[in-house]
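> Structure below; questions to follow.
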Amino acid sequence: MRWILWQPWYDQIVEKLELDKEADYDTAKILEEILPESDVTGLAELVSDKECIILGAGPSLETDLKKIEQTNNLDKVLISADGATSAVINYRNPDVIVTDLDGDVSDQLDAWNQGSWLVIHGHGDNLEKVREITPQLDKRVIGTTQTKAFGKLHNFGGFTDGDRAAFMAHELGASKIYLAGMDLGSEIGKWSGKKDEEKKLIKLEICRELLTWLADELKANLINLTSEGEEIPGAPKKEIN
């Protein structure tokens, strides 16, 4: 993601959520220092030219996972968003976990030990988690930031774990990106964990806006499998088959 494209979105999000840009950068700097050398090529090989399913932590997640299993689509590249990982591992280990370490980190580390990639995001509110968790990781891990990318850190675009996962898949060359468990409505899924509900709903609005931008202007091939929830312009709703 070119910074010239992402910066206006970042500035809008900072204003809307009253984020601290300096804190975002400070956490990103610590993450960059702790991470091993970035192997984004290995991650790209996993995703490029593949059909990927992004699994968000919305209320439809478990219903969608059952449909994905019943239609024999668990062999696609599974990319779980943070807390959704705790549901996904009941079906199979996700290929990639995109996380700001806000969900059940023990499940995410178990999945990493079983072969998942971890894409860890540093921002102003998760410095202590970054310091605690990142030193345990010595392979299959890359770091992301919502500030301008630097050093070993990447900025694929996106803000919440779910839409960042979709942006990442697009940037790494996925041929098709299915969205599941991405309700983006007024109900917060149980896999999202304990949240500031008012702020979470604003974040879901931002997620929908960003996915619309990704589909319409950035021409990502998005297909929405989510059973319920809001429509995402540019991402037609379809049944997986």
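Scheme for the structure tokens: letters A, B, ... for chains in order shown; per-chain residue numbers from 1; ligand numbers from 1 in order shown.
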Please run DSSP on the backbone and report, as a count of residues only, all residues within segment 30-202 of chain A that come out as alpha helix (DSSP H).
60
> Write out as a Markdown table a residue-level contact list of segment 111-172 of chain A versus segment 6-30 of chain A with cut-off 10 Å: for each qualifying residue the closest pair of atoms and the distance in Å to one decimal, counting only C-alpha atoms, rows sorted by chain and residue number upward.

| residue | atom | partner | partner_atom | distance |
| --- | --- | --- | --- | --- |
| A:His121 | CA | A:Ala28 | CA | 8.0 |
| A:Gly122 | CA | A:Ala28 | CA | 5.0 |
| A:His123 | CA | A:Asp24 | CA | 4.3 |
| A:Gly124 | CA | A:Asp24 | CA | 4.1 |
| A:Asp125 | CA | A:Ala23 | CA | 7.7 |
| A:Asn126 | CA | A:Thr27 | CA | 7.4 |
| A:Leu127 | CA | A:Thr27 | CA | 5.2 |
| A:Glu128 | CA | A:Thr27 | CA | 8.8 |
| A:Lys129 | CA | A:Thr27 | CA | 10.0 |
| A:Val130 | CA | A:Thr27 | CA | 7.7 |
| A:Arg131 | CA | A:Ile30 | CA | 7.5 |
| A:Thr134 | CA | A:Ile30 | CA | 9.8 |
| A:Gly143 | CA | A:Ala28 | CA | 8.4 |
| A:Thr144 | CA | A:Ala28 | CA | 7.7 |
| A:Thr145 | CA | A:Ala28 | CA | 5.9 |
| A:Gln146 | CA | A:Tyr10 | CA | 7.1 |
| A:Thr147 | CA | A:Tyr25 | CA | 6.4 |
| A:Lys148 | CA | A:Gln7 | CA | 7.9 |
| A:Ala149 | CA | A:Ala28 | CA | 9.1 |
| A:Phe150 | CA | A:Lys29 | CA | 8.8 |
| A:Gly151 | CA | A:Lys29 | CA | 9.0 |
| A:Lys152 | CA | A:Lys29 | CA | 9.8 |
| A:Leu153 | CA | A:Ala28 | CA | 7.8 |
| A:Asn155 | CA | A:Trp6 | CA | 8.7 |
| A:Phe156 | CA | A:Trp6 | CA | 8.9 |
| A:Gly157 | CA | A:Trp6 | CA | 6.3 |
| A:Gly158 | CA | A:Trp6 | CA | 8.4 |
| A:Phe159 | CA | A:Tyr10 | CA | 8.3 |
> Using DSSP on the backbone, list every residue of segment 163-214 of chain A that comes out as strand (DSSP E or B), and give them as a PyMOL selection string.
chain A and resi 176-180
> What's around segment 88-94 of chain A at 9 Å? Count only C-alpha atoms, leave out sequence neighbours fewer than 6 positions away in its own chain, and write the answer as a list in words.
Leu55, Leu61, Glu62, Leu65, Lys66, Glu69, Leu74, Val77, Leu78, Ile79, Ser80, Asp107, Ala111, Trp112, Gln114, Gly115, Ser116 and Trp117 of chain A
> Would you save the residues from that selection as a CSV table (one decimal), in the first residue's frame, using N, CA and C atoms?

chain,number,residue,atom,x,y,z
A,55,LEU,N,-11.8,-14.7,7.8
A,55,LEU,CA,-12.7,-15.1,8.9
A,55,LEU,C,-12.7,-14.0,10.0
A,61,LEU,N,-20.0,-16.0,12.4
A,61,LEU,CA,-18.8,-16.8,12.2
A,61,LEU,C,-19.0,-18.3,12.3
A,62,GLU,N,-19.6,-18.7,13.3
A,62,GLU,CA,-19.8,-20.2,13.5
A,62,GLU,C,-20.7,-20.8,12.4
A,65,LEU,N,-18.6,-20.9,9.3
A,65,LEU,CA,-17.6,-22.0,9.3
A,65,LEU,C,-18.2,-23.3,9.0
A,66,LYS,N,-19.4,-23.6,9.5
A,66,LYS,CA,-20.1,-24.8,9.2
A,66,LYS,C,-20.4,-24.9,7.7
A,69,GLU,N,-17.2,-25.7,5.9
A,69,GLU,CA,-16.9,-27.2,6.0
A,69,GLU,C,-17.8,-28.0,5.2
A,74,LEU,N,-12.7,-25.9,3.2
A,74,LEU,CA,-11.6,-25.7,4.3
A,74,LEU,C,-10.2,-25.8,3.7
A,77,VAL,N,-7.1,-21.1,1.4
A,77,VAL,CA,-6.2,-20.4,2.4
A,77,VAL,C,-7.1,-19.7,3.4
A,78,LEU,N,-7.0,-20.1,4.7
A,78,LEU,CA,-7.8,-19.6,5.8
A,78,LEU,C,-7.0,-18.5,6.5
A,79,ILE,N,-7.6,-17.3,6.6
A,79,ILE,CA,-6.9,-16.2,7.2
A,79,ILE,C,-7.9,-15.7,8.3
A,80,SER,N,-7.5,-16.0,9.6
A,80,SER,CA,-8.4,-15.6,10.7
A,80,SER,C,-8.0,-14.2,11.3
A,107,ASP,N,-4.6,-19.2,22.2
A,107,ASP,CA,-5.1,-20.0,21.0
A,107,ASP,C,-4.3,-19.6,19.8
A,111,ALA,N,-1.9,-22.1,17.5
A,111,ALA,CA,-2.0,-22.2,16.1
A,111,ALA,C,-0.7,-21.9,15.4
A,112,TRP,N,0.1,-20.9,15.9
A,112,TRP,CA,1.4,-20.6,15.4
A,112,TRP,C,2.3,-21.8,15.5
A,114,GLN,N,1.5,-24.8,15.5
A,114,GLN,CA,1.1,-25.8,14.6
A,114,GLN,C,1.3,-25.4,13.1
A,115,GLY,N,1.9,-24.2,12.9
A,115,GLY,CA,2.3,-23.9,11.5
A,115,GLY,C,1.7,-22.6,11.0
A,116,SER,N,0.8,-21.9,11.7
A,116,SER,CA,0.2,-20.7,11.2
A,116,SER,C,1.2,-19.6,11.1
A,117,TRP,N,1.0,-18.7,10.2
A,117,TRP,CA,1.7,-17.4,10.2
A,117,TRP,C,1.0,-16.4,11.1
> Report the closest atom pair, with its distance in Å rounded to one decimal, for each residue of segment 86-137 of chain A that has an atom no farther than 10 Å from segment 174-191 of chain A; count only C-alpha atoms, sort by chain and then rising residue number, and write it as JSON lines.

{"residue": "A:Ser86", "atom": "CA", "partner": "A:Trp191", "partner_atom": "CA", "distance": 7.4}
{"residue": "A:Ala87", "atom": "CA", "partner": "A:Trp191", "partner_atom": "CA", "distance": 7.5}
{"residue": "A:Gly103", "atom": "CA", "partner": "A:Trp191", "partner_atom": "CA", "distance": 7.6}
{"residue": "A:Asp104", "atom": "CA", "partner": "A:Trp191", "partner_atom": "CA", "distance": 8.9}
> Please write the residues from the selection above to a file, keeping all heavy atoms, as a PDB file, in the first residue's frame.

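To be explicit, this is the file written out as selection-v5.pdb:
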ATOM      1  N   SER A  86     -10.020 -18.475  17.637  1.00  0.00           N
ATOM      2  CA  SER A  86     -10.483 -19.428  18.655  1.00  0.00           C
ATOM      3  C   SER A  86     -11.642 -20.278  18.151  1.00  0.00           C
ATOM      4  O   SER A  86     -11.860 -21.390  18.649  1.00  0.00           O
ATOM      5  CB  SER A  86     -10.891 -18.681  19.929  1.00  0.00           C
ATOM      6  OG  SER A  86      -9.777 -18.010  20.487  1.00  0.00           O
ATOM      7  N   ALA A  87     -12.407 -19.787  17.180  1.00  0.00           N
ATOM      8  CA  ALA A  87     -13.462 -20.587  16.555  1.00  0.00           C
ATOM      9  C   ALA A  87     -12.915 -21.390  15.386  1.00  0.00           C
ATOM     10  O   ALA A  87     -13.268 -22.561  15.198  1.00  0.00           O
ATOM     11  CB  ALA A  87     -14.600 -19.681  16.087  1.00  0.00           C
ATOM     12  N   GLY A 103      -7.392 -10.753  21.115  1.00  0.00           N
ATOM     13  CA  GLY A 103      -8.211 -11.931  21.386  1.00  0.00           C
ATOM     14  C   GLY A 103      -7.502 -12.892  22.318  1.00  0.00           C
ATOM     15  O   GLY A 103      -6.630 -12.502  23.101  1.00  0.00           O
ATOM     16  N   ASP A 104      -7.880 -14.177  22.248  1.00  0.00           N
ATOM     17  CA  ASP A 104      -7.254 -15.211  23.079  1.00  0.00           C
ATOM     18  C   ASP A 104      -5.886 -15.533  22.477  1.00  0.00           C
ATOM     19  O   ASP A 104      -5.770 -16.341  21.555  1.00  0.00           O
ATOM     20  CB  ASP A 104      -8.142 -16.449  23.122  1.00  0.00           C
ATOM     21  CG  ASP A 104      -7.648 -17.485  24.134  1.00  0.00           C
ATOM     22  OD1 ASP A 104      -6.415 -17.528  24.382  1.00  0.00           O
ATOM     23  OD2 ASP A 104      -8.473 -18.244  24.651  1.00  0.00           O
TER      24      ASP A 104
END
> What is the atom CA of Pro236 of chain A to atom CA of Ala44 of chain A distance in Å?
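Atom-to-atom, atom CA of Pro236 of chain A and atom CA of Ala44 of chain A are spaced 25.5 Å apart.
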> Which residue, A:Lys76, A:Pro135, A:Arg140, A:Gln70, has the smallest gap to Ser38 of chain A when you use only C-alpha atoms?
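Looking only at the distances to Ser38 of chain A, the closest residue turns out to be A:Arg140.
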> Record the distance separating atom CA of Leu218 of chain A and atom CA of Ala165 of chain A, expressed in Å with one decimal.
14.8 Å
> May I ask which of the residues A:Ile54, A:Ile4, A:Ile68, A:Leu172 is the closest one to Val40 of chain A, counting only C-alpha atoms?
A:Leu172
> Hey, which of A:Asn241, A:Thr41, A:Ser192, A:Asn113 ends up closest to Leu137 of chain A? Count only C-alpha atoms.
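Checking each of A:Asn241, A:Thr41, A:Ser192, A:Asn113 against Leu137 of chain A, counting only C-alpha atoms, the winner is A:Asn113.
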> Work out how far apart atom CA of Lys219 of chain A and atom CA of Asn72 of chain A are and give it in Å to one decimal.
27.3 Å
> Using only C-alpha atoms, which of the listed residues (A:Glu45, A:Asp216, A:Glu198, A:Asp75) sits closest to Ala169 of chain A?
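Checking each candidate against Ala169 of chain A, we get A:Glu45 as the closest.
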> Can you work out which one of A:Lys139, A:Glu217, A:Ile202, A:Thr85 has the shortest atom-to-atom distance to Asp39 of chain A, counting only C-alpha atoms?
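Checking each candidate against Asp39 of chain A, we get A:Lys139 as the closest.
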> Would you mind listing what lies within 8 Å of Lys238 of chain A as an MDAnalysis selection string, with only C-alpha atoms counted and same-chain residues fewer than 6 positions away left out?
chainID A and resid 223:225
> I need the residues from that last selection saved to file as a JSON list (two decimals), in the first residue's frame (with N, CA and C atoms), if you can.

[["chain", "number", "residue", "atom", "x", "y", "z"],
["A", 223, "ILE", "N", -15.77, -11.29, -2.29],
["A", 223, "ILE", "CA", -17.07, -11.96, -2.30],
["A", 223, "ILE", "C", -17.49, -12.16, -0.86],
["A", 224, "ASN", "N", -18.69, -11.72, -0.52],
["A", 224, "ASN", "CA", -19.15, -11.76, 0.86],
["A", 224, "ASN", "C", -19.98, -13.02, 1.11],
["A", 225, "LEU", "N", -19.45, -13.91, 1.93],
["A", 225, "LEU", "CA", -20.15, -15.15, 2.29],
["A", 225, "LEU", "C", -20.92, -15.03, 3.59]]
